[in-house]
>>> print(open('final00.txt').read())   # compact mmCIF, C-alpha atoms and all ligand atoms
# COMPACT_ATOMS: atom_id res chain seq x y z
CA MET A 1001 90.37 -152.75 19.10
CA ASP A 1002 91.16 -149.16 18.11
CA ALA A 1003 91.07 -146.58 20.88
CA PHE A 1004 88.32 -143.98 20.62
CA ARG A 1005 86.55 -141.30 22.61
CA PHE A 1006 82.93 -140.38 23.18
CA VAL A 1007 80.96 -137.98 25.37
CA HIS A 1008 78.18 -139.09 27.72
CA ALA A 1009 75.58 -136.51 28.83
CA ALA A 1010 72.04 -136.65 30.21
CA ASP A 1011 69.23 -134.51 31.59
CA LEU A 1012 69.88 -131.33 29.61
CA HIS A 1013 66.37 -130.07 30.52
CA ILE A 1014 66.63 -127.40 27.83
CA ASP A 1015 64.32 -124.44 28.52
CA SER A 1016 63.91 -125.32 32.19
CA PRO A 1017 61.82 -122.54 33.79
CA PHE A 1018 63.56 -122.60 37.21
CA HIS A 1019 60.40 -122.91 39.27
CA GLY A 1020 60.17 -121.53 42.77
CA LEU A 1021 62.52 -118.56 42.45
CA ARG A 1022 60.91 -115.39 43.72
CA ASP A 1023 61.89 -111.74 43.39
CA VAL A 1024 64.56 -112.56 40.91
CA ASP A 1025 66.66 -109.61 39.79
CA MET A 1026 66.11 -108.99 36.06
CA ARG A 1027 69.69 -109.67 35.11
CA VAL A 1028 69.67 -112.89 37.13
CA GLY A 1029 66.35 -114.02 35.65
CA LYS A 1030 67.54 -113.48 32.10
CA ARG A 1031 70.70 -115.45 32.72
CA LEU A 1032 68.79 -118.33 34.34
CA LYS A 1033 66.41 -118.49 31.41
CA SER A 1034 69.29 -118.99 29.00
CA ALA A 1035 71.39 -121.22 31.30
CA THR A 1036 70.21 -124.63 30.03
CA TYR A 1037 70.69 -123.45 26.45
CA GLU A 1038 74.20 -122.24 27.16
CA ALA A 1039 75.13 -125.44 28.97
CA PHE A 1040 74.05 -127.33 25.84
CA ARG A 1041 76.22 -125.00 23.71
CA ASN A 1042 79.10 -125.89 26.04
CA LEU A 1043 78.36 -129.59 25.54
CA VAL A 1044 78.59 -129.19 21.75
CA ARG A 1045 81.86 -127.26 22.16
CA LEU A 1046 83.23 -129.99 24.45
CA CYS A 1047 82.53 -132.72 21.87
CA ILE A 1048 84.30 -130.72 19.15
CA ASP A 1049 87.27 -129.62 21.28
CA GLU A 1050 87.82 -133.12 22.64
CA GLN A 1051 87.46 -134.64 19.16
CA ALA A 1052 84.90 -137.13 20.34
CA SER A 1053 83.61 -139.63 17.78
CA PHE A 1054 80.06 -139.48 19.10
CA LEU A 1055 77.79 -138.00 21.75
CA LEU A 1056 75.31 -139.97 23.90
CA ILE A 1057 72.32 -138.22 25.49
CA ALA A 1058 70.51 -140.40 28.02
CA GLY A 1059 67.10 -138.71 28.17
CA ASP A 1060 65.37 -135.51 29.31
CA VAL A 1061 66.74 -133.42 26.47
CA TYR A 1062 63.83 -131.04 26.96
CA ASP A 1063 62.29 -129.95 30.22
CA GLY A 1064 58.67 -130.11 29.16
CA GLU A 1065 56.59 -132.76 27.43
CA ASP A 1066 55.45 -130.00 25.12
CA ARG A 1067 58.88 -129.26 23.83
CA GLY A 1068 59.27 -125.57 23.17
CA VAL A 1069 59.91 -124.45 19.61
CA GLN A 1070 63.03 -122.54 20.57
CA ALA A 1071 64.39 -125.49 22.54
CA GLN A 1072 63.96 -127.83 19.57
CA VAL A 1073 65.47 -125.43 17.08
CA ARG A 1074 68.52 -124.68 19.24
CA PHE A 1075 68.98 -128.37 19.98
CA ARG A 1076 68.94 -129.23 16.29
CA GLU A 1077 71.39 -126.40 15.54
CA GLY A 1078 73.84 -127.87 18.02
CA LEU A 1079 73.51 -131.36 16.56
CA ALA A 1080 73.99 -129.95 13.06
CA GLU A 1081 77.25 -128.38 14.18
CA LEU A 1082 78.38 -131.74 15.54
CA ALA A 1083 77.41 -133.40 12.25
CA LEU A 1084 79.58 -130.88 10.42
CA HIS A 1085 82.49 -132.07 12.52
CA GLY A 1086 81.71 -135.71 11.74
CA ILE A 1087 80.37 -136.37 15.25
CA GLU A 1088 77.30 -138.61 15.54
CA THR A 1089 74.66 -138.22 18.26
CA PHE A 1090 72.64 -140.99 19.92
CA ILE A 1091 69.54 -139.91 21.84
CA VAL A 1092 66.91 -141.54 24.01
CA HIS A 1093 63.99 -139.64 25.52
CA GLY A 1094 62.97 -139.85 29.17
CA ASN A 1095 60.06 -138.94 31.41
CA HIS A 1096 60.39 -135.21 30.74
CA ASP A 1097 60.31 -135.57 26.97
CA PRO A 1098 58.55 -138.86 26.10
CA LEU A 1099 57.72 -139.84 22.53
CA ASP A 1100 54.01 -139.06 22.96
CA GLY A 1101 54.67 -135.42 23.94
CA TRP A 1102 54.08 -132.66 21.44
CA VAL A 1103 56.86 -133.06 18.90
CA SER A 1104 57.40 -130.89 15.84
CA GLN A 1105 58.08 -132.63 12.58
CA MET A 1106 61.79 -131.97 12.41
CA THR A 1107 64.36 -133.00 9.92
CA TRP A 1108 67.41 -134.09 11.84
CA PRO A 1109 70.96 -133.72 10.58
CA GLU A 1110 72.78 -136.74 9.21
CA GLY A 1111 74.31 -138.84 11.97
CA VAL A 1112 71.61 -138.09 14.56
CA HIS A 1113 70.04 -141.29 15.87
CA ILE A 1114 66.90 -141.09 18.01
CA PHE A 1115 65.80 -144.37 19.55
CA GLY A 1116 62.17 -145.52 19.48
CA PRO A 1117 60.00 -147.27 22.11
CA GLN A 1118 61.67 -150.70 21.63
CA PRO A 1119 65.39 -151.30 22.27
CA GLU A 1120 67.40 -151.51 19.06
CA TRP A 1121 71.06 -151.56 18.04
CA LYS A 1122 72.75 -148.83 16.02
CA PRO A 1123 76.39 -148.70 14.88
CA ALA A 1124 78.65 -145.82 15.97
CA HIS A 1125 81.43 -144.66 13.70
CA MET A 1126 84.89 -143.19 14.18
CA ARG A 1127 84.80 -139.43 13.75
CA ARG A 1128 85.64 -138.29 10.24
CA ALA A 1129 88.90 -136.38 10.23
CA SER A 1130 87.49 -133.83 7.77
CA ALA A 1131 84.03 -133.13 6.43
CA GLY A 1132 82.88 -134.82 3.26
CA VAL A 1133 85.08 -137.92 3.30
CA GLY A 1134 82.31 -140.35 4.32
CA ARG A 1135 81.98 -142.23 7.55
CA GLY A 1136 84.84 -143.71 9.49
CA ALA A 1137 84.98 -147.35 10.58
CA VAL A 1138 82.36 -148.79 12.93
CA ILE A 1139 83.87 -148.63 16.45
CA ALA A 1140 80.96 -149.35 18.78
CA ALA A 1141 77.37 -150.52 18.89
CA VAL A 1142 74.78 -148.54 20.86
CA GLN A 1143 71.50 -150.01 22.06
CA GLY A 1144 68.87 -147.63 23.40
CA VAL A 1145 65.18 -147.15 24.11
CA SER A 1146 63.00 -144.05 24.56
CA TYR A 1147 60.05 -143.61 26.92
CA PRO A 1148 56.85 -143.95 24.88
CA THR A 1149 55.02 -142.01 27.58
CA ARG A 1150 55.89 -140.09 30.76
CA VAL A 1151 55.28 -142.83 33.30
CA VAL A 1152 57.25 -146.00 32.64
CA SER A 1153 57.07 -148.42 35.53
CA GLU A 1154 58.42 -151.52 33.79
CA ASN A 1155 62.07 -152.56 33.95
CA LEU A 1156 63.22 -151.56 30.46
CA SER A 1157 66.72 -152.96 30.98
CA LEU A 1158 65.28 -156.48 30.77
CA LYS A 1159 64.27 -155.81 27.16
CA PHE A 1160 67.84 -155.13 26.06
CA THR A 1161 69.44 -157.85 23.95
CA PRO A 1162 72.98 -159.21 24.41
CA PRO A 1163 75.77 -158.06 22.07
CA GLN A 1164 75.68 -159.77 18.69
CA GLY A 1165 78.62 -161.44 16.95
CA ARG A 1166 81.24 -158.83 16.18
CA ASP A 1167 83.68 -157.88 18.87
CA LEU A 1168 82.59 -154.24 19.13
CA PHE A 1169 82.52 -152.10 22.24
CA THR A 1170 78.86 -152.12 23.31
CA ILE A 1171 76.86 -149.39 25.03
CA GLY A 1172 73.40 -149.36 26.62
CA LEU A 1173 71.64 -145.98 26.56
CA LEU A 1174 68.85 -145.75 29.11
CA HIS A 1175 66.89 -143.29 31.26
CA CYS A 1176 66.19 -145.21 34.45
CA ASN A 1177 66.24 -145.35 38.22
CA VAL A 1178 68.85 -147.85 39.42
CA GLY A 1179 68.37 -149.19 42.93
CA GLY A 1180 65.23 -147.21 43.78
CA ASN A 1181 66.83 -143.77 44.29
CA THR A 1182 64.15 -142.00 46.33
CA GLU A 1183 65.10 -138.49 45.19
CA HIS A 1184 63.84 -139.28 41.70
CA ALA A 1185 60.62 -140.79 40.37
CA ASN A 1186 60.92 -144.56 40.20
CA TYR A 1187 60.68 -144.81 36.41
CA ALA A 1188 62.10 -147.79 34.50
CA PRO A 1189 63.39 -149.21 37.80
CA CYS A 1190 66.24 -151.70 37.63
CA THR A 1191 69.22 -152.93 39.62
CA VAL A 1192 72.97 -152.94 39.08
CA ASP A 1193 72.68 -156.72 38.66
CA ASP A 1194 70.09 -156.35 35.88
CA LEU A 1195 72.50 -154.10 33.98
CA ALA A 1196 75.59 -156.16 34.75
CA GLN A 1197 74.22 -159.40 33.37
CA THR A 1198 73.47 -157.99 29.91
CA GLY A 1199 77.07 -158.40 28.79
CA LEU A 1200 77.40 -154.79 27.56
CA ASP A 1201 80.59 -152.74 28.17
CA TYR A 1202 79.14 -149.39 29.24
CA TRP A 1203 75.76 -148.33 30.56
CA ALA A 1204 75.19 -144.66 29.70
CA LEU A 1205 72.42 -143.70 32.10
CA GLY A 1206 70.27 -140.66 32.72
CA HIS A 1207 67.51 -139.58 35.15
CA VAL A 1208 69.40 -139.24 38.44
CA HIS A 1209 70.76 -135.69 38.33
CA THR A 1210 73.74 -136.23 40.61
CA ARG A 1211 76.84 -137.63 38.94
CA GLN A 1212 77.72 -141.12 40.12
CA THR A 1213 79.56 -144.22 39.02
CA LEU A 1214 77.65 -147.29 40.16
CA GLN A 1215 80.25 -149.67 38.77
CA GLN A 1216 83.71 -148.94 37.37
CA ASP A 1217 83.89 -151.48 34.53
CA ARG A 1218 82.63 -154.76 33.06
CA PRO A 1219 80.28 -153.08 32.59
CA ALA A 1220 80.79 -149.48 33.62
CA ILE A 1221 77.46 -148.14 34.95
CA VAL A 1222 77.42 -144.38 35.06
CA TYR A 1223 75.18 -141.35 35.61
CA PRO A 1224 76.89 -138.17 34.34
CA GLY A 1225 74.41 -135.91 36.22
CA ASN A 1226 72.62 -132.99 34.58
CA THR A 1227 74.44 -130.34 32.54
CA GLN A 1228 73.05 -127.37 34.49
CA GLY A 1229 71.84 -127.29 38.11
CA ARG A 1230 68.23 -126.14 38.42
CA HIS A 1231 67.61 -125.67 42.14
CA PRO A 1232 69.43 -125.44 45.49
CA ASN A 1233 69.66 -129.20 45.88
CA GLU A 1234 71.46 -129.50 42.55
CA SER A 1235 74.54 -127.72 43.84
CA GLY A 1236 78.15 -127.91 42.73
CA PRO A 1237 79.68 -128.47 39.27
CA ARG A 1238 77.40 -129.96 36.61
CA GLY A 1239 78.43 -131.22 33.18
CA ALA A 1240 79.25 -134.30 31.11
CA LEU A 1241 81.78 -137.13 30.90
CA VAL A 1242 84.45 -137.58 28.28
CA VAL A 1243 84.96 -141.33 27.98
CA ASP A 1244 88.16 -142.83 26.57
CA VAL A 1245 88.09 -146.45 25.51
CA GLY A 1246 91.55 -147.96 25.13
CA ALA A 1247 92.80 -151.07 23.36
CA ASP A 1248 92.17 -152.89 26.68
CA ARG A 1249 88.46 -152.15 26.19
CA LEU A 1250 88.20 -150.40 29.56
CA PRO A 1251 86.42 -147.03 29.64
CA ARG A 1252 88.03 -144.11 31.49
CA THR A 1253 85.76 -141.20 32.37
CA THR A 1254 86.76 -137.57 32.89
CA PHE A 1255 84.23 -135.05 34.15
CA HIS A 1256 83.97 -131.64 32.46
CA ALA A 1257 81.86 -128.87 34.03
CA LEU A 1258 79.49 -127.27 31.51
CA ASP A 1259 77.15 -125.27 33.76
CA VAL A 1260 76.97 -121.49 33.45
CA VAL A 1261 75.10 -120.72 36.68
CA ARG A 1262 76.18 -122.66 39.74
CA TRP A 1263 73.98 -123.43 42.76
CA GLU A 1264 75.69 -123.40 46.12
CA GLN A 1265 74.91 -123.39 49.82
CA ALA A 1266 76.97 -121.89 52.62
CA ASP A 1267 76.84 -121.42 56.39
CA VAL A 1268 77.69 -118.26 58.28
CA ASN A 1269 78.45 -118.57 62.00
CA ILE A 1270 77.63 -115.62 64.27
CA ALA A 1271 79.86 -116.69 67.19
CA ASP A 1272 82.46 -113.97 66.50
CA VAL A 1273 80.11 -111.34 65.10
CA SER A 1274 79.11 -108.43 67.35
CA THR A 1275 77.66 -105.80 64.99
CA LEU A 1276 75.21 -105.69 62.11
CA ASP A 1277 78.01 -104.41 59.87
CA GLY A 1278 80.07 -107.39 60.92
CA LEU A 1279 77.24 -109.75 60.03
CA ILE A 1280 76.75 -108.17 56.61
CA ALA A 1281 80.49 -108.45 56.01
CA SER A 1282 80.48 -112.14 56.98
CA VAL A 1283 77.58 -112.91 54.66
CA ARG A 1284 79.23 -111.00 51.83
CA GLN A 1285 82.46 -112.89 52.42
CA ALA A 1286 80.66 -116.24 52.26
CA MET A 1287 79.09 -115.20 48.96
CA GLU A 1288 82.41 -114.03 47.55
CA ASP A 1289 84.03 -117.33 48.54
CA LEU A 1290 81.36 -119.21 46.59
CA LEU A 1291 81.94 -116.95 43.62
CA ALA A 1292 85.69 -117.59 43.76
CA GLN A 1293 85.13 -121.37 43.72
CA ALA A 1294 82.81 -121.17 40.71
CA GLU A 1295 85.65 -120.30 38.29
CA GLY A 1296 84.02 -117.39 36.53
CA ARG A 1297 80.47 -118.68 36.61
CA ASP A 1298 77.49 -116.86 38.09
CA VAL A 1299 76.26 -118.26 41.41
CA VAL A 1300 72.84 -118.64 43.02
CA CYS A 1301 73.25 -119.42 46.70
CA ARG A 1302 71.23 -120.36 49.73
CA LEU A 1303 72.72 -119.18 53.01
CA ARG A 1304 72.18 -120.39 56.54
CA ILE A 1305 73.09 -118.19 59.50
CA HIS A 1306 73.72 -120.24 62.62
CA GLY A 1307 75.66 -120.37 65.89
CA ARG A 1308 75.26 -118.68 69.29
CA GLY A 1309 75.87 -114.99 69.71
CA GLN A 1310 74.72 -111.42 70.08
CA MET A 1311 73.31 -111.27 66.56
CA TYR A 1312 70.51 -113.61 67.62
CA SER A 1313 68.32 -110.80 68.96
CA GLU A 1314 69.37 -108.41 66.19
CA LEU A 1315 68.08 -110.88 63.60
CA ARG A 1316 64.74 -111.12 65.40
CA LYS A 1317 63.93 -107.46 64.98
CA PRO A 1318 61.07 -107.01 62.50
CA GLY A 1319 62.32 -106.91 58.94
CA ALA A 1320 65.95 -107.58 59.92
CA LEU A 1321 66.41 -110.81 57.97
CA ILE A 1322 64.69 -109.58 54.82
CA GLY A 1323 66.67 -106.33 55.06
CA LEU A 1324 69.89 -108.30 55.27
CA LEU A 1325 68.83 -110.43 52.29
CA GLU A 1326 67.97 -107.39 50.19
CA THR A 1327 71.27 -105.68 51.04
CA VAL A 1328 73.51 -108.58 50.09
CA ARG A 1329 71.39 -109.36 47.03
CA GLU A 1330 71.82 -105.88 45.67
CA ASP A 1331 75.59 -105.99 46.14
CA GLY A 1332 75.99 -109.49 44.75
CA ALA A 1333 73.80 -108.94 41.71
CA ALA A 1334 75.83 -105.88 40.71
CA SER A 1335 79.13 -107.73 40.37
CA SER A 1336 80.26 -109.57 37.29
CA PRO A 1337 80.06 -112.55 37.42
CA TRP A 1338 77.23 -112.12 39.91
CA VAL A 1339 76.29 -114.01 43.06
CA TRP A 1340 72.63 -113.94 44.01
CA ALA A 1341 71.29 -114.97 47.42
CA GLU A 1342 68.20 -117.04 46.78
CA ARG A 1343 67.35 -117.31 50.48
CA ILE A 1344 68.83 -116.70 53.92
CA THR A 1345 67.61 -118.84 56.80
CA ASP A 1346 68.18 -117.93 60.42
CA GLN A 1347 69.07 -120.77 62.76
CA THR A 1348 70.93 -118.72 65.33
CA ARG A 1349 70.67 -119.11 69.10
CA PRO A 1350 71.17 -116.61 71.93
CA ASP A 1351 74.59 -116.31 73.49
CA LEU A 1352 73.70 -118.66 76.34
CA ASP A 1353 74.74 -122.12 77.38
CA LEU A 1354 71.45 -123.82 78.25
CA SER A 1355 72.93 -126.77 80.09
CA VAL A 1356 75.06 -124.50 82.31
CA ARG A 1357 72.18 -122.05 82.79
CA SER A 1358 69.71 -124.81 83.75
CA ARG A 1359 71.89 -125.70 86.74
CA SER A 1360 71.51 -122.29 88.37
CA GLU A 1361 69.13 -121.93 91.33
CA ASP A 1362 67.03 -119.15 89.91
CA PHE A 1363 63.76 -118.84 87.99
CA LEU A 1364 65.35 -119.39 84.56
CA GLY A 1365 67.18 -122.43 85.88
CA ALA A 1366 63.87 -123.91 87.07
CA VAL A 1367 62.14 -123.13 83.76
CA LEU A 1368 64.94 -124.75 81.76
CA LYS A 1369 64.95 -127.84 83.98
CA GLN A 1370 61.17 -128.25 83.64
CA THR A 1371 61.04 -127.64 79.90
CA ALA A 1372 63.92 -130.05 79.33
CA LEU A 1373 61.76 -132.78 80.87
CA VAL A 1374 59.03 -132.09 78.31
CA ALA A 1375 61.14 -131.32 75.24
CA GLY A 1376 63.69 -134.03 75.90
CA GLY A 1377 61.74 -137.24 75.28
CA PRO A 1378 59.07 -138.89 73.15
CA GLU A 1379 56.46 -138.82 75.95
CA GLY A 1380 56.82 -135.09 76.46
CA ILE A 1381 56.66 -134.48 72.71
CA ALA A 1382 53.51 -136.64 72.48
CA SER A 1383 51.82 -134.62 75.22
CA LEU A 1384 52.81 -131.36 73.48
CA SER A 1385 51.41 -132.71 70.20
CA GLY A 1386 48.13 -133.34 72.02
CA LEU A 1387 48.06 -129.76 73.32
CA LEU A 1388 48.80 -128.37 69.87
CA ALA A 1389 46.30 -130.62 68.07
CA GLU A 1390 43.56 -127.98 68.00
CA VAL A 1391 45.76 -125.53 66.10
CA TYR A 1392 47.75 -127.98 64.01
CA SER A 1393 45.10 -130.43 62.91
CA GLY A 1394 44.41 -129.34 59.36
CA ARG A 1395 40.71 -129.45 60.32
CA ARG A 1396 38.35 -126.47 60.51
CA GLY A 1397 40.87 -124.25 58.82
CA GLY A 1398 43.61 -125.23 61.27
CA LEU A 1399 47.24 -125.46 60.26
CA GLU A 1400 48.74 -128.58 58.71
CA ALA A 1401 49.35 -131.25 61.38
CA LEU A 1402 52.94 -131.39 62.66
CA THR A 1403 55.24 -134.40 62.77
CA PRO A 1404 56.82 -135.31 66.13
CA GLU A 1405 60.14 -133.98 64.74
CA GLN A 1406 58.55 -130.62 64.02
CA VAL A 1407 57.01 -130.47 67.49
CA ALA A 1408 60.41 -131.29 69.02
CA GLU A 1409 61.96 -128.50 66.96
CA LEU A 1410 59.31 -126.01 68.14
CA ALA A 1411 59.83 -127.10 71.74
CA GLU A 1412 63.58 -126.56 71.48
CA GLU A 1413 63.02 -123.21 69.78
CA SER A 1414 60.69 -122.19 72.64
CA ARG A 1415 63.26 -123.07 75.29
CA TRP A 1416 65.79 -120.80 73.63
CA TYR A 1417 63.17 -118.08 73.34
CA LEU A 1418 62.34 -118.31 77.05
CA ALA A 1419 66.01 -118.34 77.94
CA GLU A 1420 66.58 -115.19 75.93
CA LEU A 1421 63.61 -113.46 77.59
CA LEU A 1422 64.45 -114.50 81.14
CA ALA A 1423 68.23 -114.29 81.10
CA GLU A 1424 69.45 -111.35 83.11
CA PRO A 1425 71.16 -108.64 81.12
CA PRO A 1426 74.87 -108.47 81.86
CA GLU A 1427 75.87 -106.30 84.83
CA PRO A 1428 76.60 -102.76 83.67
CA GLU A 1429 80.26 -101.95 83.98
CA ALA A 1430 81.12 -99.93 87.06
MN MN B 1 65.87 -135.41 34.39
>>> encode(input="final00.txt", output="structure tokens")
Amino acid sequence: MDAFRFVHAADLHIDSPFHGLRDVDMRVGKRLKSATYEAFRNLVRLCIDEQASFLLIAGDVYDGEDRGVQAQVRFREGLAELALHGIETFIVHGNHDPLDGWVSQMTWPEGVHIFGPQPEWKPAHMRRASAGVGRGAVIAAVQGVSYPTRVVSENLSLKFTPPQGRDLFTIGLLHCNVGGNTEHANYAPCTVDDLAQTGLDYWALGHVHTRQTLQQDRPAIVYPGNTQGRHPNESGPRGALVVDVGADRLPRTTFHALDVVRWEQADVNIADVSTLDGLIASVRQAMEDLLAQAEGRDVVCRLRIHGRGQMYSELRKPGALIGLLETVREDGAASSPWVWAERITDQTRPDLDLSVRSRSEDFLGAVLKQTALVAGGPEGIASLSGLLAEVYSGRRGGLEALTPEQVAELAEESRWYLAELLAEPPEPEA
């Protein structure tokens, strides 16, 4: 078998609107709007630069069922460029872009293969060395299936047929949830065993947005992850896999980052911070560190301030947290590349050791001992839940009912609050 190379991508979500981002700086918003398009441009460039013979896209090309006009046109442009370089593309559609969504009548470039609602086999060819010399030899066979509609609850992998006759490298192209991943809708559910017993060489999967190899070979079962992160939980590098198949028939995957805006999260500890300036500097430093790791990309970050220290009470002054957010946002958004703080959460505690303090024979010690009895066990939490039921019942305009975990969190928060209120200020220096 001749050695060859292909690229495996999935979940491009072109024209993703980045829901849930508020107060976005104009420059940041513009960049986010174009990010999924640019990541796709990077994917096209990767295929050309790496001289891949073909590109596989395992579903969710578009973000919306009603595929935007611009998204479709730019997608076709990219595929046309690949066709010019003799690179074929194999596409299946997933739950975000099923076949029954609004689809323009498009003429696709030569060498673009879009799979229908029943699995079928299509041959893949060696890349042509130069345009206009006809197709290269058949090097692989690709079997794929598209979602006819958004919700597919049947196990599509069972409809795939075993490899036929010729000793070609075989690939299954499928948008599915392997092993009931709870972070994603359970569409086209299947198991590693289902995929393994088909006798194919490589399962090119899509749907789960985090890159993962479920099985190394015979067959390889791989999610490349999405090409561009779209929210804080899709942090870190995003891109596609370059897959080399050698004479030994074993695929070797290499990840290439294609994202243009990176999502990150970072923690800032207040233990050694004693002034507001110091806190701002620490937050800025955390943001700059994220920027440095992103290798020239723009960064959207979510920051968590935590730890015990003097800044606890500073952060509780009205408007302090939002003021901090606005300050570091303005600075970060002005740099190039930029780093934009999407949110800052405050999980700091006062500069007190509750277990030490609860042993003292004073009023605060007594309060801490008593409240520990309530906050420290399931019975205490249950009794607190009962007391709070009137407010947190969801009935008569009340607030949404709380889980025992949330009640425990509130109880712990209250102990720290009491401790801060009742702790004696340090003795003034003589
Ligand atoms: Mn997706």
>>> closest_atom_pairs(input="final00.txt", of="chain A", to="ligand MN 1 (chain B)", cutoff="9 Å", atoms="all atoms listed in the file", output="tab-separated table")
residue	atom	partner	partner_atom	distance
A:Ala1010	CA	B:MN1	MN	7.6
A:Asp1011	CA	B:MN1	MN	4.5
A:Leu1012	CA	B:MN1	MN	7.5
A:His1013	CA	B:MN1	MN	6.6
A:Gly1059	CA	B:MN1	MN	7.1
A:Asp1060	CA	B:MN1	MN	5.1
A:Val1061	CA	B:MN1	MN	8.2
A:Tyr1062	CA	B:MN1	MN	8.9
A:Asp1063	CA	B:MN1	MN	7.7
A:Gly1094	CA	B:MN1	MN	7.4
A:Asn1095	CA	B:MN1	MN	7.4
A:His1096	CA	B:MN1	MN	6.6
A:His1175	CA	B:MN1	MN	8.5
A:His1184	CA	B:MN1	MN	8.5
A:Gly1206	CA	B:MN1	MN	7.1
A:His1207	CA	B:MN1	MN	4.5
A:Val1208	CA	B:MN1	MN	6.6
A:His1209	CA	B:MN1	MN	6.3
A:Gly1225	CA	B:MN1	MN	8.7
A:Asn1226	CA	B:MN1	MN	7.2
>>> atom_distance(input="final00.txt", atom1="atom CA of A:Ile1057", atom2="atom CA of A:Val1092")
6.5 Å
>>> residues_around(input="final00.txt", residues="stretch 1337-1349 of chain A", least_positions_apart="4", cutoff="6 Å", atoms="only C-alpha atoms", output="PDB file with C-alpha atoms, in the frame of the given file")
ATOM      1  CA  ASP A1298      77.490-116.860  38.090  1.00  0.00           C
ATOM      2  CA  VAL A1299      76.260-118.260  41.410  1.00  0.00           C
ATOM      3  CA  VAL A1300      72.840-118.640  43.020  1.00  0.00           C
ATOM      4  CA  CYS A1301      73.250-119.420  46.700  1.00  0.00           C
ATOM      5  CA  ARG A1302      71.230-120.360  49.730  1.00  0.00           C
ATOM      6  CA  LEU A1303      72.720-119.180  53.010  1.00  0.00           C
ATOM      7  CA  ARG A1304      72.180-120.390  56.540  1.00  0.00           C
ATOM      8  CA  ILE A1305      73.090-118.190  59.500  1.00  0.00           C
ATOM      9  CA  HIS A1306      73.720-120.240  62.620  1.00  0.00           C
ATOM     10  CA  GLY A1307      75.660-120.370  65.890  1.00  0.00           C
ATOM     11  CA  ARG A1308      75.260-118.680  69.290  1.00  0.00           C
ATOM     12  CA  TYR A1312      70.510-113.610  67.620  1.00  0.00           C
ATOM     13  CA  ARG A1329      71.390-109.360  47.030  1.00  0.00           C
ATOM     14  CA  GLY A1332      75.990-109.490  44.750  1.00  0.00           C
ATOM     15  CA  ALA A1333      73.800-108.940  41.710  1.00  0.00           C
TER      16      ALA A1333
END
>>> closest_residue(input="final00.txt", among="A:Gly1179, A:Gly1239, A:Gly1397, A:Gly1309", to="A:Leu1279", atoms="all atoms listed in the file")
A:Gly1309
>>> atom_distance(input="final00.txt", atom1="atom CA of A:Gly1111", atom2="atom CA of A:Thr1089")
6.3 Å
>>> atom_distance(input="final00.txt", atom1="atom CA of A:Phe1169", atom2="atom CA of A:Ala1058")
17.7 Å
>>> residues_around(input="final00.txt", residues="stretch 1414-1422 of chain A", least_positions_apart="2", cutoff="12 Å", atoms="only C-alpha atoms", output="ChimeraX atom specification")
/A:1308-1310,1312-1313,1316,1347-1358,1362-1376,1407-1412,1424-1425
>>> residues_near_point(input="final00.txt", point="(73.8, -132.2, 40.4)", cutoff="9 Å", atoms="only C-alpha atoms", output="ChimeraX atom specification")
/A:1208-1211,1225-1230,1233-1239
>>> closest_residue(input="final00.txt", among="A:Glu1330, A:Asp1194, A:Glu1379, A:Glu1154", to="A:Arg1027", atoms="all atoms listed in the file")
A:Glu1330
>>> residues_around(input="final00.txt", residues="A:Phe1255", least_positions_apart="3", cutoff="12 Å", atoms="only C-alpha atoms", output="JSON list (two decimals) with C-alpha atoms, in the coordinates of the input")
[["chain", "number", "residue", "atom", "x", "y", "z"],
["A", 1007, "VAL", "CA", 80.96, -137.98, 25.37],
["A", 1008, "HIS", "CA", 78.18, -139.09, 27.72],
["A", 1009, "ALA", "CA", 75.58, -136.51, 28.83],
["A", 1043, "LEU", "CA", 78.36, -129.59, 25.54],
["A", 1046, "LEU", "CA", 83.23, -129.99, 24.45],
["A", 1211, "ARG", "CA", 76.84, -137.63, 38.94],
["A", 1212, "GLN", "CA", 77.72, -141.12, 40.12],
["A", 1213, "THR", "CA", 79.56, -144.22, 39.02],
["A", 1222, "VAL", "CA", 77.42, -144.38, 35.06],
["A", 1223, "TYR", "CA", 75.18, -141.35, 35.61],
["A", 1224, "PRO", "CA", 76.89, -138.17, 34.34],
["A", 1225, "GLY", "CA", 74.41, -135.91, 36.22],
["A", 1226, "ASN", "CA", 72.62, -132.99, 34.58],
["A", 1227, "THR", "CA", 74.44, -130.34, 32.54],
["A", 1237, "PRO", "CA", 79.68, -128.47, 39.27],
["A", 1238, "ARG", "CA", 77.40, -129.96, 36.61],
["A", 1239, "GLY", "CA", 78.43, -131.22, 33.18],
["A", 1240, "ALA", "CA", 79.25, -134.30, 31.11],
["A", 1241, "LEU", "CA", 81.78, -137.13, 30.90],
["A", 1242, "VAL", "CA", 84.45, -137.58, 28.28],
["A", 1243, "VAL", "CA", 84.96, -141.33, 27.98],
["A", 1244, "ASP", "CA", 88.16, -142.83, 26.57],
["A", 1252, "ARG", "CA", 88.03, -144.11, 31.49],
["A", 1258, "LEU", "CA", 79.49, -127.27, 31.51]]
>>> residues_around(input="final00.txt", residues="A:Gly1144", least_positions_apart="2", cutoff="9 Å", atoms="only C-alpha atoms", output="PyMOL selection string")
chain A and resi 1058+1090-1092+1114-1122+1142+1146+1160+1171-1174
>>> closest_residue(input="final00.txt", among="A:Leu1290, A:Gly1377, A:Pro1148, A:Asp1015", to="A:Val1073", atoms="only C-alpha atoms")
A:Asp1015
>>> closest_residue(input="final00.txt", among="A:Arg1074, A:Lys1317, A:Ala1286, A:Leu1291", to="A:Val1261", atoms="all atoms listed in the file")
A:Leu1291
>>> closest_residue(input="final00.txt", among="A:Gly1101, A:Ile1280, A:Ile1087, A:Ser1034", to="A:Glu1326", atoms="all atoms listed in the file")
A:Ile1280
